[in-house]
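**Student:** One structure is given below, represented as structure tokens, and several questions about it will come after.
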Amino acid sequence: MKKRFKLEGLDCANCASKIEAAVSKLTGVKEATVNFMTQKLIIEADDDNMSAIINEAQKIIGRIEPGTKIVQA
Amino acid sequence: MNNNMKKRLIRIITGAILLVAALLIDTGQEWPNIVLFLTSYIIVGGDIVLRAVRNITKGKVFDENFLMALATIGAMIISEYAEGIAVMLLYQIGELFQSYAVDKSRRSIADLMDIRPDYANIKKDDEIISVSPEEVKVSDIIVIKPGESIPLDARVLQGTSMVDTSALTGESLPRDVGPGDEILSGCINISGLITAEVTKEYEESTVSKILDLVENASSKKSQSEQFITKFARYYTPVVVILAVLLAVLPPLIVKGEEFSEWTYRALSFLVVSCPCALVISIPLTFFSGIGGASKKGILIKGSNYFEALANTEIMVFDKTGTLTKGVFEVQEIYSTSISKEELIELVAHAESISGHPISKSILKAYGKEIDQSIISEAYENAGHGVEVVVNGKKIIAGNAKLMKLREIDYIDKKQTGTVVHVAIDGIYSGYILIADEIRKDSHEAIKNLKAANIKQTIMLTGDKRSVGEKIAEELGLDKVYTELLPKDKVDRLEELLTQTSHKGKLAYVGDGINDAPVLARADVGIAMGGLGSDAAVEAADVVIMTDEPAKIPVAIRLSKKIIGIANQNIIFAIGVKILILILSALGITNLWMAIFGDVGVTFLAVLNSFRALKIKY
């Protein structure tokens, strides 16, 4: 399953690639991409793990770029 | 400028005024100035210091916040208040500019992709309801008024209109549509009211597929982007370690060298330790490139394909549907005795007994009703032609073999298509030439590809040798392989792949439907006429939205420019940083110069990457 989110306030390209790398490494994630320009985060993962992964992703984003909100798109 | 940016600008201005005040006021005592300096510093750089502290508690040390905090606090400890604040000020101005630039390019790209339809007008029981496009189902009836965008792929039931496809194809000429025609979502209805039956759900419709492609394009990263990611990982720690060594070693080793002097030099190192200029400008370049290209009807599915296109040495084409129109039509009618109209009338009636594609083309060219009553003694000689009595005349229409069989002398003409020879009552009367037409811009495409330094242009076709070679010669292709089965095409391609140089790439251009395996095997698969063909869009790396081969050299030139801009930014940014590092180590430059250089590089690199959006061809 693919889920897309908007990262509101994502302002730093370096952080975007750090977020992408960190979310990709979460267990159960097949692929994660952060598009800095469109401020989109796309996570492809198994349905079962999705909610846990979203939680983890939220924590990662809060750590890497505080002030960025993750919004379901 | 949004609210956040305005707040930041106000902080920068307030901090700057306080800094000037602190420099000008002279009360004879030192403390009022120090208070002013510190207030200014807290207003300008307080958030940076706070973020640095927060990150350290989370175990992340080497980020730009930490470095800026360290450099500026360090400057103030050695009593260089003004410089510490100025560095922070310039850094904040640079950051603000960056946000502004990113915001602006996001907007211009959002405008570019502003083809997402907001609503669809569903017609139910003579009532028209406006709903979101996602809610519409296949075979629902929708109404599109003039000026509205087409929300889903559909087939016209009623009404005629002109449709603007430029958002999808870059083609400015509007298309005429009428009942029975397919209309694609993302196009704009210009003139008339159309009632249409939905053929695809929103998720499957052209507009959402294209938006999806553009949004996902950044997931395949180019080598330069990968290089930047790696570079950024090592660059910052290395510079910081060098800074520490610079501050500590010379005063320890060389007698008479002051700690404060070398600390100051080391601080300049920290200022340029952020790889911001690169990290922001390279992805921006590629993204702008993808946006700019899609505006021209060229969809590029990842920034890595810019590199591959720019390095293409061998360009392989499919023939039918790619270099030619893929539609077999009567190209020439030659008659020895009777008029051309009479000839085609007789032949059309004779051919009407056959279901062969050639017969269909002749019937289409004739375009009138067939009068069955005048046909008699019909006989189809499979693989050769037909022998039919029409209006009392014995018509023999077929290939050269049939003429030989019936011992009729015929004009042997080397042609690029299929020739149907005609004999009336045993006497040769002329021929009809049926051929696939070369696209009008194929010549231009091949010429421009050669101008763009493509070493070999090659055509692969399943068609006959005579036809393939004739077309290859006409277009000026370097090589042609004919009479290939789909499997042979892959084998030939494998062979050609070994002929490219180490960095060189091979691109294959096909119309996507039967070419999927070859498209996938090539370094770059280019699909032509992406509109309405899902297979093409899926299998290819680059999709030319229109049926124009001439867009391929455009895509190559564009890629070369994009790669050029990316390289300029890399060389420029790294070069300036290294220069600043050297000058700082030698004590020639000061903190001001260092930060100015750093912010300036980012500024120029971002401006340079904007050019990718507006490349002209």
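Following the order of the structure tokens, first chain is A, next is B, and so on, with residues numbered from 1 inside each chain and ligands from 1 in the order they appear.
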Check chain A with DSSP on the backbone and list each residue it calls strand (DSSP E), as a PyMOL selection string.

**Tutor:** chain A and resi 2-8+29-35+40-45+69-72

**Student:** Compute the chain A side of the contact with chain B at 6 Å, counting only C-alpha atoms, and hand it back as a list in words.

**Tutor:**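 Here is what falls inside 6 Å: Ala13, Asn14, Thr33 and Met37 of chain A.
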
**Student:** Name all residues at most 9 Å from Arg265 (chain B) (count only C-alpha atoms; drop same-chain ones fewer than 4 positions away) and give them as a list of chain:residue names.

**Tutor:** B:Ala243, B:Leu246, B:Ala247, B:Ser260, B:Glu261, B:Phe269, B:Ser584, B:Ala585, B:Leu586, B:Gly587, B:Thr589, B:Asn590, B:Leu591

**Student:** Write the selection just made, keeping N, CA and C atoms, as a PDB file, in the first residue's frame?

**Tutor:**
```pdb
ATOM      1  N   ALA B 243      39.100  22.731  11.287  1.00  0.00           N
ATOM      2  CA  ALA B 243      38.992  23.970  12.056  1.00  0.00           C
ATOM      3  C   ALA B 243      39.624  23.809  13.434  1.00  0.00           C
ATOM      4  N   LEU B 246      43.287  23.707  13.115  1.00  0.00           N
ATOM      5  CA  LEU B 246      43.806  25.028  12.782  1.00  0.00           C
ATOM      6  C   LEU B 246      43.871  25.928  14.014  1.00  0.00           C
ATOM      7  N   ALA B 247      42.888  25.787  14.891  1.00  0.00           N
ATOM      8  CA  ALA B 247      42.860  26.619  16.085  1.00  0.00           C
ATOM      9  C   ALA B 247      43.936  26.202  17.076  1.00  0.00           C
ATOM     10  N   SER B 260      44.239  33.472  19.876  1.00  0.00           N
ATOM     11  CA  SER B 260      43.054  34.195  19.413  1.00  0.00           C
ATOM     12  C   SER B 260      43.079  34.378  17.895  1.00  0.00           C
ATOM     13  N   GLU B 261      44.250  34.659  17.341  1.00  0.00           N
ATOM     14  CA  GLU B 261      44.371  34.842  15.900  1.00  0.00           C
ATOM     15  C   GLU B 261      43.964  33.564  15.155  1.00  0.00           C
ATOM     16  N   PHE B 269      36.387  28.852   9.057  1.00  0.00           N
ATOM     17  CA  PHE B 269      36.178  27.501   8.526  1.00  0.00           C
ATOM     18  C   PHE B 269      34.759  27.029   8.817  1.00  0.00           C
ATOM     19  N   SER B 584      41.065  31.720   4.404  1.00  0.00           N
ATOM     20  CA  SER B 584      40.871  31.834   5.849  1.00  0.00           C
ATOM     21  C   SER B 584      42.051  31.258   6.607  1.00  0.00           C
ATOM     22  N   ALA B 585      42.532  30.128   6.161  1.00  0.00           N
ATOM     23  CA  ALA B 585      43.660  29.487   6.839  1.00  0.00           C
ATOM     24  C   ALA B 585      44.877  30.397   6.806  1.00  0.00           C
ATOM     25  N   LEU B 586      45.041  31.135   5.707  1.00  0.00           N
ATOM     26  CA  LEU B 586      46.188  32.023   5.583  1.00  0.00           C
ATOM     27  C   LEU B 586      45.959  33.349   6.296  1.00  0.00           C
ATOM     28  N   GLY B 587      44.713  33.551   6.768  1.00  0.00           N
ATOM     29  CA  GLY B 587      44.420  34.786   7.474  1.00  0.00           C
ATOM     30  C   GLY B 587      44.192  35.961   6.545  1.00  0.00           C
ATOM     31  N   THR B 589      41.455  36.420   4.511  1.00  0.00           N
ATOM     32  CA  THR B 589      40.065  36.859   4.549  1.00  0.00           C
ATOM     33  C   THR B 589      39.592  36.909   6.002  1.00  0.00           C
ATOM     34  N   ASN B 590      38.477  37.599   6.241  1.00  0.00           N
ATOM     35  CA  ASN B 590      37.939  37.604   7.595  1.00  0.00           C
ATOM     36  C   ASN B 590      36.572  36.937   7.620  1.00  0.00           C
ATOM     37  N   LEU B 591      35.978  36.905   8.810  1.00  0.00           N
ATOM     38  CA  LEU B 591      34.685  36.249   8.971  1.00  0.00           C
ATOM     39  C   LEU B 591      33.631  36.825   8.031  1.00  0.00           C
TER      40      LEU B 591
END
```

**Student:** Measuring between only C-alpha atoms, which one of A:Ala57, A:Ala52, A:Ile19, A:Ile64 shows the shortest distance to Asn35 (chain A)?

**Tutor:**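 Ranking A:Ala57, A:Ala52, A:Ile19, A:Ile64 by distance to Asn35 (chain A), first place goes to A:Ile19.
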
**Student:** Step one, run DSSP on the backbone; step two, keep only residues of region 414-556 of chain B assigned to alpha helix (DSSP H); then write them as a ChimeraX atom specification.

**Tutor:** /B:442-451,465-475,486-497,516-521,534-539,551-556

**Student:** Would you give me, as JSON lines, each residue of region 168-208 of chain B having an atom within 6 Å of an atom of region 135-159 of chain B, along with its shortest atom pair and that distance in Å to one decimal, using only C-alpha atoms and sorting by chain and residue number?

**Tutor:**
```
{"residue": "B:Pro179", "atom": "CA", "partner": "B:Val156", "partner_atom": "CA", "distance": 4.7}
{"residue": "B:Gly180", "atom": "CA", "partner": "B:Val156", "partner_atom": "CA", "distance": 5.3}
{"residue": "B:Asp181", "atom": "CA", "partner": "B:Val156", "partner_atom": "CA", "distance": 5.5}
{"residue": "B:Glu182", "atom": "CA", "partner": "B:Arg155", "partner_atom": "CA", "distance": 4.4}
{"residue": "B:Ile183", "atom": "CA", "partner": "B:Ala154", "partner_atom": "CA", "distance": 5.3}
{"residue": "B:Leu184", "atom": "CA", "partner": "B:Asp153", "partner_atom": "CA", "distance": 4.5}
{"residue": "B:Ser185", "atom": "CA", "partner": "B:Leu152", "partner_atom": "CA", "distance": 4.5}
{"residue": "B:Gly186", "atom": "CA", "partner": "B:Ile150", "partner_atom": "CA", "distance": 5.7}
{"residue": "B:Cys187", "atom": "CA", "partner": "B:Ile150", "partner_atom": "CA", "distance": 5.6}
{"residue": "B:Ile188", "atom": "CA", "partner": "B:Ser149", "partner_atom": "CA", "distance": 4.2}
{"residue": "B:Asn189", "atom": "CA", "partner": "B:Pro146", "partner_atom": "CA", "distance": 5.2}
{"residue": "B:Ile190", "atom": "CA", "partner": "B:Pro146", "partner_atom": "CA", "distance": 5.0}
{"residue": "B:Ser191", "atom": "CA", "partner": "B:Pro146", "partner_atom": "CA", "distance": 5.1}
{"residue": "B:Gly192", "atom": "CA", "partner": "B:Pro146", "partner_atom": "CA", "distance": 5.4}
{"residue": "B:Leu193", "atom": "CA", "partner": "B:Lys145", "partner_atom": "CA", "distance": 4.8}
{"residue": "B:Ile194", "atom": "CA", "partner": "B:Gly159", "partner_atom": "CA", "distance": 4.8}
{"residue": "B:Thr195", "atom": "CA", "partner": "B:Val143", "partner_atom": "CA", "distance": 4.5}
{"residue": "B:Ala196", "atom": "CA", "partner": "B:Val156", "partner_atom": "CA", "distance": 4.2}
{"residue": "B:Glu197", "atom": "CA", "partner": "B:Ile141", "partner_atom": "CA", "distance": 4.6}
{"residue": "B:Val198", "atom": "CA", "partner": "B:Ala154", "partner_atom": "CA", "distance": 4.1}
{"residue": "B:Thr199", "atom": "CA", "partner": "B:Ala154", "partner_atom": "CA", "distance": 4.7}
{"residue": "B:Lys200", "atom": "CA", "partner": "B:Val138", "partner_atom": "CA", "distance": 5.5}
{"residue": "B:Glu201", "atom": "CA", "partner": "B:Val138", "partner_atom": "CA", "distance": 5.7}
{"residue": "B:Tyr202", "atom": "CA", "partner": "B:Leu152", "partner_atom": "CA", "distance": 5.7}
{"residue": "B:Ser205", "atom": "CA", "partner": "B:Asp153", "partner_atom": "CA", "distance": 5.5}
```

**Student:** Looking at only C-alpha atoms, which of B:Arg521, B:Lys7, B:Lys577, B:His443 is the one that sits closest to Asp541 (chain B)?

**Tutor:** B:Arg521

**Student:** Could you give me, as a list in words, the residues within 7 Å of Lys40 (chain A), counting only C-alpha atoms and dropping anything in the same chain fewer than 6 positions from it?

**Tutor:**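 Contacts, with the query itself left out: Arg4, Phe5, Lys6, Leu7 and Val34 of chain A.
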
**Student:** Take the residues just selected and output them with N, CA and C atoms as a CSV table (one decimal), in the first residue's frame.

**Tutor:**
```csv
chain,number,residue,atom,x,y,z
A,4,ARG,N,0.4,8.7,0.9
A,4,ARG,CA,1.1,10.0,0.7
A,4,ARG,C,0.7,11.1,1.7
A,5,PHE,N,1.8,11.8,2.1
A,5,PHE,CA,1.5,12.8,3.1
A,5,PHE,C,2.2,14.1,2.6
A,6,LYS,N,1.6,15.2,3.2
A,6,LYS,CA,2.2,16.5,2.9
A,6,LYS,C,3.1,16.9,4.1
A,7,LEU,N,4.3,17.4,3.9
A,7,LEU,CA,5.1,17.8,5.0
A,7,LEU,C,5.1,19.3,5.0
A,34,VAL,N,10.9,11.4,-0.3
A,34,VAL,CA,10.5,12.7,0.1
A,34,VAL,C,10.8,13.6,-1.1
```

**Student:** Under the rule that only C-alpha atoms are counted, which of B:Tyr264, B:Tyr81, B:Phe610, B:Tyr508 is the nearest residue to Gly289 (chain B)?

**Tutor:**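 Result for the nearest residue to Gly289 (chain B): B:Phe610.
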
**Student:** When you draw a straight line from CA of Phe286 (chain B) to CA of Ala452 (chain B), how long is it in Å?

**Tutor:**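 These atoms are spaced 20.6 Å apart.
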
**Student:** Could you state the separation of CA of Ser354 (chain B) and CA of Val327 (chain B) in Å, given to one decimal place?

**Tutor:**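 So the answer is 18.9 Å.
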
**Student:** So that I can see what lies close to Met88 (chain B), please list as a PyMOL selection string the residues with an atom at most 7 Å from it, counting only C-alpha atoms and leaving out residues fewer than 3 positions away in the same chain.

**Tutor:** chain B and resi 44-45+72+84-85+91-92
